[in-house]
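Worksheet: the structure to be examined is printed underneath.
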Amino acid sequence: HIIGPTAYFKASPFTGCAPLNVVFTDTSDTEGSAIVKWIWNYGSSVDTTLTGTANHPYPTPGNYSVTLTVIDANGCTNSTTAFNYIQPT
């Protein structure tokens with residue numbers, strides 16, 4: 001059994017007309033210590049935040065995969081990817 005975070009997230013909206021402004025919300029589970037850093041790979045750029053919420057614009061239509069990496073206070077990390085998750089039209 002490994003103690004550390006398990007990355008999960010949700011986004012809204014995940015489809016719509018471009019330009020599409022998407023709000024990402026961390027829904028990760030933690031075991032051991034609190035998450036202190038979130039690294040969001042939006043499929044078009046990467047951003048590091050100190051909170052579990054992020055906003056990202058998608059000005060161009062396409063299918064974008066999104067990866068969230070979470071890091072807890074002990075330095076433990078976990079990542080999850082949602083493939084073709086954001087789909088501006």
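Residues in the structure tokens are named by chain (A, B, ... in the order shown) and by number from 1 within that chain; ligands are numbered from 1 in the order shown.
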
According to DSSP computed on the backbone, where in segment 3-89 of chain A is there strand (DSSP E or B)? Give the residues as a ChimeraX atom specification.
/A:6,9-12,15-16,20-26,29,35-41,46-49,53-58,64-72,77-88

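Minimum atom-to-atom distances from A:Ala34, A:Val46, A:Val23, A:Ile86 to Ile3 of chain A were compared using only C-alpha atoms, and the lowest value belongs to A:Ala34.
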
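Computed from the coordinates, the atom CA of Gly62 of chain A to atom CA of Thr77 of chain A distance equals 29.2 Å.
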
Considering only C-alpha atoms, tabulate each residue of segment 35-60 of chain A that lies at most 7 Å from segment 66-72 of chain A along with its nearest interatomic pair and the corresponding distance in Å to one decimal; arrange the rows by chain and ascending residue number and present them as a tab-separated table.
residue	atom	partner	partner_atom	distance
A:Ile35	CA	A:Asp72	CA	3.9
A:Val36	CA	A:Asp72	CA	5.2
A:Lys37	CA	A:Ile71	CA	5.2
A:Trp38	CA	A:Val70	CA	4.7
A:Ile39	CA	A:Thr69	CA	5.0
A:Trp40	CA	A:Leu68	CA	4.8
A:Asn41	CA	A:Thr67	CA	5.0
A:Tyr42	CA	A:Val66	CA	4.7
A:Gly43	CA	A:Val66	CA	5.5

Output file for the residues above (N, CA and C atoms, as a compact mmCIF listing (two decimals), in the first residue's frame):
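Output saved as result_8.txt:
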# COMPACT_ATOMS: atom_id res chain seq x y z
N ILE A 35 -2.12 18.12 -0.57
CA ILE A 35 -1.54 18.49 -1.85
C ILE A 35 -1.12 19.95 -1.77
N VAL A 36 0.10 20.23 -2.26
CA VAL A 36 0.64 21.58 -2.20
C VAL A 36 0.93 22.18 -3.57
N LYS A 37 0.92 21.35 -4.63
CA LYS A 37 1.20 21.85 -5.97
C LYS A 37 0.41 21.04 -7.00
N TRP A 38 -0.13 21.76 -7.98
CA TRP A 38 -0.88 21.15 -9.08
C TRP A 38 -0.21 21.57 -10.37
N ILE A 39 0.12 20.61 -11.22
CA ILE A 39 0.71 20.90 -12.53
C ILE A 39 -0.30 20.46 -13.58
N TRP A 40 -0.84 21.44 -14.30
CA TRP A 40 -1.86 21.21 -15.31
C TRP A 40 -1.23 21.25 -16.69
N ASN A 41 -1.32 20.17 -17.45
CA ASN A 41 -0.91 20.16 -18.85
C ASN A 41 -2.19 20.16 -19.66
N TYR A 42 -2.50 21.30 -20.27
CA TYR A 42 -3.78 21.50 -20.94
C TYR A 42 -3.83 20.93 -22.36
N GLY A 43 -2.74 20.36 -22.82
CA GLY A 43 -2.68 19.89 -24.20
C GLY A 43 -2.19 20.97 -25.15

Near-Thr15 of chain A list (10 Å; only C-alpha atoms; drop same-chain fewer than 5 positions) as number ranges by chain:
A: 20-22, 61-63, 85-89

Write a file of the selected residues as a CSV table (one decimal), in the first residue's frame, keeping N, CA, C and O atoms.
chain,number,residue,atom,x,y,z
A,20,LEU,N,-13.1,28.7,-26.2
A,20,LEU,CA,-13.8,28.0,-25.1
A,20,LEU,C,-12.9,28.3,-23.8
A,20,LEU,O,-11.8,27.9,-23.8
A,21,ASN,N,-13.5,28.9,-22.8
A,21,ASN,CA,-12.8,29.1,-21.5
A,21,ASN,C,-13.2,28.0,-20.6
A,21,ASN,O,-14.4,27.8,-20.3
A,22,VAL,N,-12.3,27.2,-20.1
A,22,VAL,CA,-12.6,26.0,-19.3
A,22,VAL,C,-12.0,26.2,-17.9
A,22,VAL,O,-10.9,26.7,-17.7
A,61,PRO,N,-10.4,25.3,-32.4
A,61,PRO,CA,-11.1,24.0,-32.3
A,61,PRO,C,-10.1,22.8,-32.4
A,61,PRO,O,-9.0,22.9,-32.9
A,62,GLY,N,-10.5,21.7,-31.7
A,62,GLY,CA,-9.6,20.5,-31.7
A,62,GLY,C,-10.0,19.6,-30.6
A,62,GLY,O,-11.0,19.9,-29.8
A,63,ASN,N,-9.3,18.6,-30.4
A,63,ASN,CA,-9.4,17.6,-29.3
A,63,ASN,C,-8.1,17.7,-28.5
A,63,ASN,O,-7.1,17.5,-29.0
A,85,TYR,N,-10.2,15.1,-24.0
A,85,TYR,CA,-11.2,15.5,-23.0
A,85,TYR,C,-11.9,16.9,-23.3
A,85,TYR,O,-13.1,17.1,-23.2
A,86,ILE,N,-11.1,17.8,-23.8
A,86,ILE,CA,-11.6,19.2,-24.1
A,86,ILE,C,-11.8,19.3,-25.6
A,86,ILE,O,-10.8,19.0,-26.4
A,87,GLN,N,-13.0,19.6,-26.1
A,87,GLN,CA,-13.3,19.6,-27.5
A,87,GLN,C,-14.0,20.9,-28.0
A,87,GLN,O,-15.2,20.8,-28.3
A,88,PRO,N,-13.2,22.0,-28.1
A,88,PRO,CA,-13.8,23.2,-28.7
A,88,PRO,C,-14.1,22.9,-30.2
A,88,PRO,O,-13.4,22.3,-30.9
A,89,THR,N,-15.2,23.5,-30.6
A,89,THR,CA,-15.6,23.3,-32.0
A,89,THR,C,-15.6,24.6,-32.8
A,89,THR,O,-15.5,25.7,-32.2

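Computed from the coordinates, the atom CA of Phe24 of chain A to atom CA of Thr60 of chain A distance equals 18.0 Å.
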
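Nearest residue to Thr49 of chain A, choosing from A:Ala73, A:Asp26, A:Ala82, A:Glu31 and counting only C-alpha atoms: A:Asp26.
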
Distance of atom CA of Thr53 of chain A from atom CA of Ser28 of chain A, expressed in Å to one decimal place
11.6 Å

List as a PyMOL selection string the protein and nucleic acid residues near Asp29 of chain A, meaning an atom at most 9 Å away when only C-alpha atoms are counted, but skip any in the same chain fewer than 3 places from it.
chain A and resi 4-8

Only all heavy atoms, please: the residues just picked out, written as a PDB file, in the first residue's frame.
ATOM      1  N   GLY A   4      -0.024   8.431  -0.434  1.00  0.00           N
ATOM      2  CA  GLY A   4       0.224   9.609  -1.260  1.00  0.00           C
ATOM      3  C   GLY A   4      -1.042  10.004  -1.970  1.00  0.00           C
ATOM      4  O   GLY A   4      -2.097   9.404  -1.769  1.00  0.00           O
ATOM      5  N   PRO A   5      -0.977  11.004  -2.823  1.00  0.00           N
ATOM      6  CA  PRO A   5      -2.174  11.472  -3.510  1.00  0.00           C
ATOM      7  C   PRO A   5      -2.548  10.582  -4.689  1.00  0.00           C
ATOM      8  O   PRO A   5      -1.706   9.873  -5.246  1.00  0.00           O
ATOM      9  CB  PRO A   5      -1.768  12.862  -3.996  1.00  0.00           C
ATOM     10  CG  PRO A   5      -0.294  12.749  -4.226  1.00  0.00           C
ATOM     11  CD  PRO A   5       0.201  11.804  -3.149  1.00  0.00           C
ATOM     12  N   THR A   6      -3.821  10.615  -5.055  1.00  0.00           N
ATOM     13  CA  THR A   6      -4.317   9.999  -6.287  1.00  0.00           C
ATOM     14  C   THR A   6      -5.013  11.094  -7.075  1.00  0.00           C
ATOM     15  O   THR A   6      -6.004  11.666  -6.606  1.00  0.00           O
ATOM     16  CB  THR A   6      -5.283   8.847  -5.986  1.00  0.00           C
ATOM     17  OG1 THR A   6      -4.617   7.890  -5.153  1.00  0.00           O
ATOM     18  CG2 THR A   6      -5.736   8.165  -7.271  1.00  0.00           C
ATOM     19  N   ALA A   7      -4.480  11.407  -8.245  1.00  0.00           N
ATOM     20  CA  ALA A   7      -4.946  12.550  -9.027  1.00  0.00           C
ATOM     21  C   ALA A   7      -6.263  12.256  -9.740  1.00  0.00           C
ATOM     22  O   ALA A   7      -6.409  11.213 -10.382  1.00  0.00           O
ATOM     23  CB  ALA A   7      -3.887  12.951 -10.044  1.00  0.00           C
ATOM     24  N   TYR A   8      -7.193  13.196  -9.603  1.00  0.00           N
ATOM     25  CA  TYR A   8      -8.454  13.221 -10.341  1.00  0.00           C
ATOM     26  C   TYR A   8      -8.803  14.688 -10.574  1.00  0.00           C
ATOM     27  O   TYR A   8      -8.440  15.554  -9.788  1.00  0.00           O
ATOM     28  CB  TYR A   8      -9.608  12.596  -9.541  1.00  0.00           C
ATOM     29  CG  TYR A   8      -9.441  11.165  -9.144  1.00  0.00           C
ATOM     30  CD1 TYR A   8      -9.118  10.836  -7.839  1.00  0.00           C
ATOM     31  CD2 TYR A   8      -9.622  10.143 -10.067  1.00  0.00           C
ATOM     32  CE1 TYR A   8      -8.977   9.514  -7.450  1.00  0.00           C
ATOM     33  CE2 TYR A   8      -9.488   8.823  -9.694  1.00  0.00           C
ATOM     34  CZ  TYR A   8      -9.164   8.512  -8.386  1.00  0.00           C
ATOM     35  OH  TYR A   8      -9.024   7.199  -8.001  1.00  0.00           O
TER      36      TYR A   8
END
